[in-house]
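Right, one structure below, let's go through it.
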Amino acid sequence: MTVRYAYAITTALLIGGAAVTIGTNAPLGAQTAQNAPQFLAAPPQPGAPVSFRDLAARLQPAVVNISTKQTVKVANQAQGFPFELFGMQAPQGSDTPQTREAQSLGSGFIISADGYIVTNNHVISAGQRNAAVESITVTLPDKREFPATLIGRDPTSDLALLKIQSTNLPFVQFGDSTKAQVGDWVMAIGNPFGLGGTVTAGIVSALHRSGNGQFDRLIQTDASINFGNSGGPMFDLNGNVIGINSQILSPSGGNVGIGFAIPSEQAKPIIETLKAGNRVQRGYLGVRLQPIDEGLAAALGLPKNSGELIASVEPGDAADKAGIKEGDVVTKVNGVSINPDDTLSLTVANLAPGTRTPIEILRNGQRMTLNAVIGKRPPEEQLAAFSAENEDEGFDAQKPGNGADDSANTASIGLAVQALTPNIARSLGVPATVKGVVVGRSDPASDAFQQGIRRGDIISAANGRPVLTPEDLSAAVRAAKAEKKSNVAVRVQKGNGPAVFLGVKIR
């Protein structure tokens with residue numbers, strides 16, 4: 001299955017005409033929200049509504065089509081043709097990239113009578129590499145077109161705010177998505193496949209779904225959402241905007257009954273920040289996280305789906321200053337329990353930079369509370385560049401030498417290890433400052449092997465304590481057995497790649 005953004009982009013070479021828009025005429029003198037209670041009929045009683053007709057008629061005028069014109073630089077078709085093999089000369093200028101036009105189509109909705117419009121960031125962004133957005137056009141249901149100005153964008157949440165120059169426009173307001181429950185009826189309006197003004201209905205299928213981003217906590221719906229619906233509103237039966245349609249889960253690109261919307265509880269404060277001309281700021285600790293699987297949970301003595309493990313700490317950032325260390329498990333932040341729904345990244349991101357916050361951790365079996373001053377999250381492009389610099393570029397498992405320890409305790413986890421000497425470190429291509437033991441053999445029948453531990457990998461810690469010799473690892477296994485644990489938590493590093501923690505089963 002593939003999670004896709006629900007918008008469309010085409011090149012001018014493939015589609016020669018503009019998308020058709022279908023809609024109703026906007027009411028005159030609309031200075032009150034289209035979804036204001038006095039303009040809507042009483043909501044239907046619980047159960048399937050008889051019709052969405054009145055609701056759709058009132059709300060459609062505030063939902064708009066958004067299109068962009070883009071220029072894309074592509075390689076000249078003459079490039080790569082072996083003219084010289086045929087005694088021909090390449091055409092003059094054949095090395096110059098050609099410029100093509102492209103167009104993207106999406107949806108949005110007006111939130112004020114003077115023309116502020118909410119949509120997805122990906123709707124108004126370049127759709128491919130070497131592309132640039134030249135203009136943004138907003139088309140109302142009454143077929144009026146306006147050039148739009150980008151007021152602000154927040155790529156992390158995939159939200160953007162536009163402005164068109166007009167007055168007396170129909171608009172809608174945000175509702176409270178926290179009141180949405182699984183099974184509630186919802187209605188989506190948007191621009192699927194460039195058709196414009198299309199209304200679909202369904203129910204809330206699930207809440208707090210993860211999407212393309214680490215901060216996503218999306219509303220899932222079976223209301224039909226297709227390419228072009230991105231940025232359009234999801235309404236409850238009271239006419240409130242409780243979500244912004246954003247993504248679909250589909251192997252084919254078409255609707256299969258699983259669509260996602262950004263909840264209004266997340267979108268509203270971000271839009272207000274952008275409208276005020278400010279940049280969205282999120283809290284930041286400066287750590288690299290690792291999920292805790294069942295093996296690690298057993299090794300660490302944690303309940304299932306509880307806490308997140310710190311794989312590394314950035315020097316000088318908030319976590320480092322607070323005393324958080326690699327191998328700690330964060331269980332609570334500011335009183336909020338860390339779990340798959342309330343992740344550490346999401347919880348910290350929702351805290352204002354500069355906030356002093358208690359953080360509960362588990363370290364070597366001991367619970368303690370540290371206080372951290374939350375930092376400011378760097379731009380996403382900076383974080384992406386940092387991650388790329390620290391990615392494992394591949395590890396060539398060279399022979400570390402002989403003398404691996406075959407003691408019963410290390411064999412009980414399927415590994416034979418030996419001390420990491422300077423000579424072995426050089427042969428593995430790691431700095432001499434790296435400490436630990438190196439794996440000489442990994443039993444294919446062991447859980448350690450199944451989890452990817454191989455000859456040449458370096459183990460530097462076990463159960464929260466440093467491992468400098470084979471005996472240190474053996475002692476950690478003995479201690480885990482004495483505590484009747486089924487797993488031992490080991491820190492494993494492949495070459496110069498980032499270390500990970502694995503909960504290895506004891507045989």
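All residue names refer to the structure tokens as shown: chains lettered A, B, ... in order, residues numbered from 1 in each chain, ligands numbered from 1 in order.
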
Tell me which protein, DNA and RNA residues are within 8 Å of range 144-152 of chain A, counting only C-alpha atoms, leaving out same-chain ones fewer than 4 positions away, and put them as a compact mmCIF listing (two decimals) with N, CA and C atoms, in the first residue's frame.
# COMPACT_ATOMS: atom_id res chain seq x y z
N SER A 135 2.87 30.76 -10.87
CA SER A 135 1.66 31.48 -10.44
C SER A 135 0.68 30.52 -9.81
N ILE A 136 -0.20 31.08 -8.97
CA ILE A 136 -1.26 30.32 -8.31
C ILE A 136 -2.59 30.99 -8.65
N THR A 137 -3.55 30.21 -9.09
CA THR A 137 -4.85 30.75 -9.47
C THR A 137 -5.94 30.07 -8.64
N VAL A 138 -6.87 30.88 -8.13
CA VAL A 138 -8.01 30.38 -7.37
C VAL A 138 -9.27 30.59 -8.21
N THR A 139 -10.04 29.52 -8.38
CA THR A 139 -11.29 29.60 -9.13
C THR A 139 -12.45 29.31 -8.19
N LEU A 140 -13.37 30.26 -8.09
CA LEU A 140 -14.54 30.11 -7.25
C LEU A 140 -15.60 29.27 -7.97
N ALA A 160 -0.91 25.50 4.02
CA ALA A 160 -0.53 26.77 3.40
C ALA A 160 -1.73 27.72 3.46
N LEU A 161 -1.42 29.01 3.49
CA LEU A 161 -2.45 30.05 3.52
C LEU A 161 -2.26 30.98 2.34
N LEU A 162 -3.31 31.16 1.57
CA LEU A 162 -3.31 32.03 0.40
C LEU A 162 -4.21 33.23 0.65
N LYS A 163 -4.08 34.25 -0.23
CA LYS A 163 -4.94 35.45 -0.14
C LYS A 163 -5.27 35.89 -1.55
N ILE A 164 -6.56 36.15 -1.78
CA ILE A 164 -6.99 36.76 -3.03
C ILE A 164 -7.60 38.12 -2.71
N GLN A 165 -7.54 39.02 -3.67
CA GLN A 165 -8.03 40.38 -3.47
C GLN A 165 -9.50 40.45 -3.88
N LEU A 274 0.35 31.64 10.63
CA LEU A 274 0.72 32.08 9.28
C LEU A 274 0.01 33.40 8.93
N LYS A 275 -1.23 33.52 9.33
CA LYS A 275 -1.99 34.74 9.02
C LYS A 275 -1.38 35.96 9.70
N GLY A 277 1.65 36.43 10.02
CA GLY A 277 2.95 36.69 9.40
C GLY A 277 4.11 36.05 10.12
N ARG A 279 6.34 32.56 11.61
CA ARG A 279 6.74 31.20 11.25
C ARG A 279 6.35 30.26 12.37

Nearby residues (only C-alpha atoms) at most 10 Å from Ile258 in chain A, same-chain spacing under 3 positions excluded, as a VMD selection string: chain A and resid 3 205 to 206 220 to 226 247 to 250 255

Generate the output file for the selected residues, C-alpha atoms, as a short mmCIF file (atom, residue, chain, number, x, y, z; two decimals), in the first residue's frame.
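Contents of part_9.cif, as written:
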data_model
loop_
_atom_site.label_atom_id
_atom_site.label_comp_id
_atom_site.auth_asym_id
_atom_site.auth_seq_id
_atom_site.Cartn_x
_atom_site.Cartn_y
_atom_site.Cartn_z
CA VAL A 3 0.22 6.71 1.04
CA SER A 205 -13.18 5.47 10.05
CA ALA A 206 -10.41 6.05 12.59
CA GLN A 220 -9.30 8.57 8.51
CA THR A 221 -12.49 8.49 6.45
CA ASP A 222 -14.18 6.39 3.81
CA ALA A 223 -15.67 9.50 2.17
CA SER A 224 -14.28 9.33 -1.37
CA ILE A 225 -11.07 11.36 -1.62
CA ASN A 226 -9.10 11.27 -4.87
CA GLN A 247 -3.72 12.02 1.69
CA ILE A 248 -5.04 8.72 0.42
CA LEU A 249 -3.88 5.15 0.92
CA SER A 250 -4.02 3.41 -2.41
CA ASN A 255 -9.90 5.84 -4.03
#

Need the shell around range 236-242 of chain A: protein/DNA/RNA residues with any atom at most 9 Å away, counting only C-alpha atoms. Skip same-chain ones fewer than 5 positions apart. Format as a PDB file with C-alpha atoms, in the first residue's frame?
ATOM      1  CA  GLN A  34     -21.553  29.828   5.412  1.00  0.00           C
ATOM      2  CA  ASN A  35     -21.562  27.340   8.260  1.00  0.00           C
ATOM      3  CA  ALA A  36     -22.914  29.791  10.850  1.00  0.00           C
ATOM      4  CA  PRO A  37     -25.741  28.095  12.799  1.00  0.00           C
ATOM      5  CA  LEU A  40     -27.990  25.961   8.474  1.00  0.00           C
ATOM      6  CA  ALA A  41     -30.972  23.753   9.033  1.00  0.00           C
ATOM      7  CA  ALA A  42     -31.088  21.804  12.276  1.00  0.00           C
ATOM      8  CA  PRO A  43     -28.609  18.939  12.069  1.00  0.00           C
ATOM      9  CA  PRO A  44     -30.096  15.515  11.373  1.00  0.00           C
ATOM     10  CA  PRO A  49     -29.200  11.631   7.177  1.00  0.00           C
ATOM     11  CA  PHE A  52     -26.869  16.159   2.383  1.00  0.00           C
ATOM     12  CA  LEU A  55     -25.673  21.249   3.773  1.00  0.00           C
ATOM     13  CA  ALA A  56     -23.885  20.929   0.439  1.00  0.00           C
ATOM     14  CA  ARG A  58     -24.792  26.130   1.734  1.00  0.00           C
ATOM     15  CA  LEU A  59     -21.124  25.099   1.950  1.00  0.00           C
ATOM     16  CA  VAL A 172     -16.550  28.835   6.419  1.00  0.00           C
ATOM     17  CA  GLN A 173     -15.058  28.427   9.877  1.00  0.00           C
ATOM     18  CA  PHE A 174     -13.120  25.730  11.712  1.00  0.00           C
ATOM     19  CA  GLY A 175     -14.931  23.441  14.118  1.00  0.00           C
ATOM     20  CA  ASP A 176     -13.660  21.254  16.953  1.00  0.00           C
ATOM     21  CA  SER A 177     -12.164  18.022  15.637  1.00  0.00           C
ATOM     22  CA  THR A 178     -11.600  16.713  19.169  1.00  0.00           C
ATOM     23  CA  ALA A 180     -15.198  13.730  16.259  1.00  0.00           C
ATOM     24  CA  ASP A 184     -19.622  10.029  12.772  1.00  0.00           C
ATOM     25  CA  TRP A 185     -20.900  11.165   9.382  1.00  0.00           C
ATOM     26  CA  VAL A 186     -18.654  13.568   7.455  1.00  0.00           C
ATOM     27  CA  MET A 187     -18.855  15.308   4.091  1.00  0.00           C
ATOM     28  CA  ALA A 261      -7.588  14.671   6.743  1.00  0.00           C
ATOM     29  CA  ILE A 262      -5.537  17.010   8.945  1.00  0.00           C
ATOM     30  CA  PRO A 263      -7.631  17.661  12.093  1.00  0.00           C
ATOM     31  CA  SER A 264      -8.796  21.229  12.671  1.00  0.00           C
ATOM     32  CA  GLU A 265      -7.363  21.154  16.197  1.00  0.00           C
TER      33      GLU A 265
END

Neighbour list for range 417-423 of chain A as a PyMOL selection string, cut-off 6 Å, only C-alpha atoms, skip fewer than 5 positions in-chain: chain A and resi 404-405+432+436-440+469-470

Go ahead and save the residues from that selection, with C-alpha atoms, as a compact mmCIF listing (two decimals), in the first residue's frame.
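Result saved to again_31.txt:
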# COMPACT_ATOMS: atom_id res chain seq x y z
CA ALA A 404 36.42 -14.65 19.33
CA ASP A 405 34.99 -15.51 22.74
CA ALA A 432 40.16 4.13 17.17
CA GLY A 436 33.24 -2.25 22.44
CA VAL A 437 33.45 -5.83 21.28
CA VAL A 438 33.28 -7.03 17.70
CA VAL A 439 31.13 -9.93 16.51
CA GLY A 440 33.20 -12.77 15.12
CA THR A 469 35.26 -6.99 26.82
CA PRO A 470 33.54 -10.29 26.03

For Val313 in chain A: contacts at 10 Å, only C-alpha atoms, fewer than 2 positions along chain excluded, given as number ranges by chain: A: 285-289, 310-311, 315-321, 323-327

Dump as a PDB file, in the first residue's frame, selection limited to C-alpha atoms:
ATOM      1  CA  LEU A 285      15.077  18.084  22.199  1.00  0.00           C
ATOM      2  CA  GLY A 286      17.906  17.130  19.850  1.00  0.00           C
ATOM      3  CA  VAL A 287      17.743  13.353  20.009  1.00  0.00           C
ATOM      4  CA  ARG A 288      17.554  10.457  17.584  1.00  0.00           C
ATOM      5  CA  LEU A 289      14.821   8.019  18.530  1.00  0.00           C
ATOM      6  CA  ILE A 310      17.055   7.505  22.898  1.00  0.00           C
ATOM      7  CA  ALA A 311      19.427   6.198  20.211  1.00  0.00           C
ATOM      8  CA  PRO A 315      25.769  17.665  21.857  1.00  0.00           C
ATOM      9  CA  GLY A 316      24.719  21.070  23.152  1.00  0.00           C
ATOM     10  CA  ASP A 317      20.994  20.658  22.439  1.00  0.00           C
ATOM     11  CA  ALA A 318      18.187  20.597  24.991  1.00  0.00           C
ATOM     12  CA  ALA A 319      18.372  16.880  25.827  1.00  0.00           C
ATOM     13  CA  ASP A 320      22.146  16.983  26.327  1.00  0.00           C
ATOM     14  CA  LYS A 321      21.871  19.997  28.629  1.00  0.00           C
ATOM     15  CA  GLY A 323      21.346  15.182  31.184  1.00  0.00           C
ATOM     16  CA  ILE A 324      19.468  12.796  28.910  1.00  0.00           C
ATOM     17  CA  LYS A 325      21.781  10.049  27.660  1.00  0.00           C
ATOM     18  CA  GLU A 326      21.905   7.513  24.891  1.00  0.00           C
ATOM     19  CA  GLY A 327      20.047   4.382  25.969  1.00  0.00           C
TER      20      GLY A 327
END

Spatial neighbours of Gln31 in chain A, max dist 9 Å, only C-alpha atoms, sep filter under 4 positions, as a PyMOL selection string: chain A and resi 112-113+167-171

Spatial neighbours of range 479-494 of chain A, 6 Å, only C-alpha atoms, chain gap at least 6 places, as a ChimeraX atom specification: /A:296,298-299,457-463,500-506

Output for the residues just chosen: C-alpha atoms as a tab-separated table (two decimals), in the first residue's frame:
chain	number	residue	atom	x	y	z
A	296	LEU	CA	13.58	-4.42	23.58
A	298	ALA	CA	11.21	-7.42	27.34
A	299	ALA	CA	14.90	-6.61	27.81
A	457	ASP	CA	29.26	-5.50	13.95
A	458	ILE	CA	30.30	-3.70	17.12
A	459	ILE	CA	28.47	-4.09	20.45
A	460	SER	CA	29.26	-1.27	22.85
A	461	ALA	CA	26.60	-1.62	25.55
A	462	ALA	CA	24.25	-4.19	27.04
A	463	ASN	CA	21.39	-3.56	29.45
A	500	VAL	CA	20.76	1.00	17.17
A	501	PHE	CA	19.44	-0.86	20.18
A	502	LEU	CA	18.15	-4.42	19.76
A	503	GLY	CA	16.35	-6.63	22.25
A	504	VAL	CA	18.01	-10.00	21.61
A	505	LYS	CA	16.37	-13.17	22.88
A	506	ILE	CA	18.32	-15.36	25.29

Those of range 163-412 of chain A in DSSP strand (DSSP E or B), formatted as a PyMOL selection string: chain A and resi 163+174+185-190+198-209+218-221+233-235+241-249+259-263+283-284+287-290+308-313+329-333+336-337+356-363+366-373+375-376+405

Would you save the residues of that selection, restricted to C-alpha atoms, as a PDB file, in the first residue's frame?
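After the write, selection.pdb holds the following:
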ATOM      1  CA  LYS A 163      -4.936  35.445  -0.142  1.00  0.00           C
ATOM      2  CA  PHE A 174     -13.120  25.730  11.712  1.00  0.00           C
ATOM      3  CA  TRP A 185     -20.900  11.165   9.382  1.00  0.00           C
ATOM      4  CA  VAL A 186     -18.654  13.568   7.455  1.00  0.00           C
ATOM      5  CA  MET A 187     -18.855  15.308   4.091  1.00  0.00           C
ATOM      6  CA  ALA A 188     -15.938  16.260   1.823  1.00  0.00           C
ATOM      7  CA  ILE A 189     -16.024  18.864  -0.946  1.00  0.00           C
ATOM      8  CA  GLY A 190     -13.215  19.341  -3.429  1.00  0.00           C
ATOM      9  CA  THR A 198     -17.626  17.470  -6.046  1.00  0.00           C
ATOM     10  CA  VAL A 199     -19.388  16.403  -2.834  1.00  0.00           C
ATOM     11  CA  THR A 200     -18.765  13.025  -1.199  1.00  0.00           C
ATOM     12  CA  ALA A 201     -19.907  11.630   2.138  1.00  0.00           C
ATOM     13  CA  GLY A 202     -18.874   8.885   4.509  1.00  0.00           C
ATOM     14  CA  ILE A 203     -17.961   8.307   8.112  1.00  0.00           C
ATOM     15  CA  VAL A 204     -14.960   8.821  10.349  1.00  0.00           C
ATOM     16  CA  SER A 205     -13.182   5.474  10.050  1.00  0.00           C
ATOM     17  CA  ALA A 206     -10.406   6.046  12.594  1.00  0.00           C
ATOM     18  CA  LEU A 207      -8.604   8.783  14.524  1.00  0.00           C
ATOM     19  CA  HIS A 208      -4.936   9.601  15.224  1.00  0.00           C
ATOM     20  CA  ARG A 209      -3.604   7.894  12.114  1.00  0.00           C
ATOM     21  CA  LEU A 218      -4.909  12.312  10.897  1.00  0.00           C
ATOM     22  CA  ILE A 219      -8.621  11.617  10.677  1.00  0.00           C
ATOM     23  CA  GLN A 220      -9.300   8.573   8.506  1.00  0.00           C
ATOM     24  CA  THR A 221     -12.492   8.494   6.445  1.00  0.00           C
ATOM     25  CA  PRO A 233     -12.517  20.727   3.684  1.00  0.00           C
ATOM     26  CA  MET A 234     -14.062  17.848   5.599  1.00  0.00           C
ATOM     27  CA  PHE A 235     -17.284  18.930   7.318  1.00  0.00           C
ATOM     28  CA  VAL A 241     -14.622  22.224   9.114  1.00  0.00           C
ATOM     29  CA  ILE A 242     -13.118  19.451  11.218  1.00  0.00           C
ATOM     30  CA  GLY A 243     -10.432  18.394   8.756  1.00  0.00           C
ATOM     31  CA  ILE A 244      -8.430  19.285   5.649  1.00  0.00           C
ATOM     32  CA  ASN A 245      -8.321  16.448   3.121  1.00  0.00           C
ATOM     33  CA  SER A 246      -4.701  15.614   2.446  1.00  0.00           C
ATOM     34  CA  GLN A 247      -3.719  12.017   1.694  1.00  0.00           C
ATOM     35  CA  ILE A 248      -5.039   8.716   0.421  1.00  0.00           C
ATOM     36  CA  LEU A 249      -3.884   5.153   0.922  1.00  0.00           C
ATOM     37  CA  GLY A 259      -8.509   8.830   2.969  1.00  0.00           C
ATOM     38  CA  PHE A 260      -6.959  11.125   5.544  1.00  0.00           C
ATOM     39  CA  ALA A 261      -7.588  14.671   6.743  1.00  0.00           C
ATOM     40  CA  ILE A 262      -5.537  17.010   8.945  1.00  0.00           C
ATOM     41  CA  PRO A 263      -7.631  17.661  12.093  1.00  0.00           C
ATOM     42  CA  GLY A 283       9.773  22.303  20.371  1.00  0.00           C
ATOM     43  CA  TYR A 284      12.957  20.273  19.947  1.00  0.00           C
ATOM     44  CA  VAL A 287      17.743  13.353  20.009  1.00  0.00           C
ATOM     45  CA  ARG A 288      17.554  10.457  17.584  1.00  0.00           C
ATOM     46  CA  LEU A 289      14.821   8.019  18.530  1.00  0.00           C
ATOM     47  CA  GLN A 290      14.340   4.315  18.094  1.00  0.00           C
ATOM     48  CA  GLU A 308      10.686   5.635  23.352  1.00  0.00           C
ATOM     49  CA  LEU A 309      14.383   4.846  23.409  1.00  0.00           C
ATOM     50  CA  ILE A 310      17.055   7.505  22.898  1.00  0.00           C
ATOM     51  CA  ALA A 311      19.427   6.198  20.211  1.00  0.00           C
ATOM     52  CA  SER A 312      21.712   9.248  20.326  1.00  0.00           C
ATOM     53  CA  VAL A 313      21.865  12.758  21.762  1.00  0.00           C
ATOM     54  CA  VAL A 329      13.891   5.450  27.723  1.00  0.00           C
ATOM     55  CA  VAL A 330      11.608   8.493  27.903  1.00  0.00           C
ATOM     56  CA  THR A 331       8.303   7.488  29.489  1.00  0.00           C
ATOM     57  CA  LYS A 332       6.639  10.859  30.171  1.00  0.00           C
ATOM     58  CA  VAL A 333       7.006  14.477  29.065  1.00  0.00           C
ATOM     59  CA  VAL A 336       2.011  13.040  29.199  1.00  0.00           C
ATOM     60  CA  SER A 337       2.739   9.314  28.821  1.00  0.00           C
ATOM     61  CA  ARG A 356      11.000  24.243  31.154  1.00  0.00           C
ATOM     62  CA  THR A 357       9.555  20.738  31.152  1.00  0.00           C
ATOM     63  CA  PRO A 358       9.884  17.667  33.402  1.00  0.00           C
ATOM     64  CA  ILE A 359      10.908  14.526  31.501  1.00  0.00           C
ATOM     65  CA  GLU A 360      10.606  11.118  33.122  1.00  0.00           C
ATOM     66  CA  ILE A 361      13.107   8.506  31.984  1.00  0.00           C
ATOM     67  CA  LEU A 362      14.112   4.945  32.690  1.00  0.00           C
ATOM     68  CA  ARG A 363      17.883   4.437  32.965  1.00  0.00           C
ATOM     69  CA  GLN A 366      15.918   3.155  37.562  1.00  0.00           C
ATOM     70  CA  ARG A 367      13.212   5.782  37.044  1.00  0.00           C
ATOM     71  CA  MET A 368      14.183   9.434  37.362  1.00  0.00           C
ATOM     72  CA  THR A 369      12.905  12.865  36.373  1.00  0.00           C
ATOM     73  CA  LEU A 370      15.044  15.443  34.546  1.00  0.00           C
ATOM     74  CA  ASN A 371      14.135  19.011  33.642  1.00  0.00           C
ATOM     75  CA  ALA A 372      14.752  20.232  30.103  1.00  0.00           C
ATOM     76  CA  VAL A 373      14.438  23.670  28.552  1.00  0.00           C
ATOM     77  CA  GLY A 375      14.766  24.134  22.186  1.00  0.00           C
ATOM     78  CA  LYS A 376      13.505  25.380  18.817  1.00  0.00           C
ATOM     79  CA  ASP A 405      34.985 -15.514  22.744  1.00  0.00           C
TER      80      ASP A 405
END

Point-to-point distance in Å for CA of Ile338 in chain A and CA of Gly307 in chain A: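 Pair CA of Gly307 in chain A / CA of Ile338 in chain A returns 4.9 Å.
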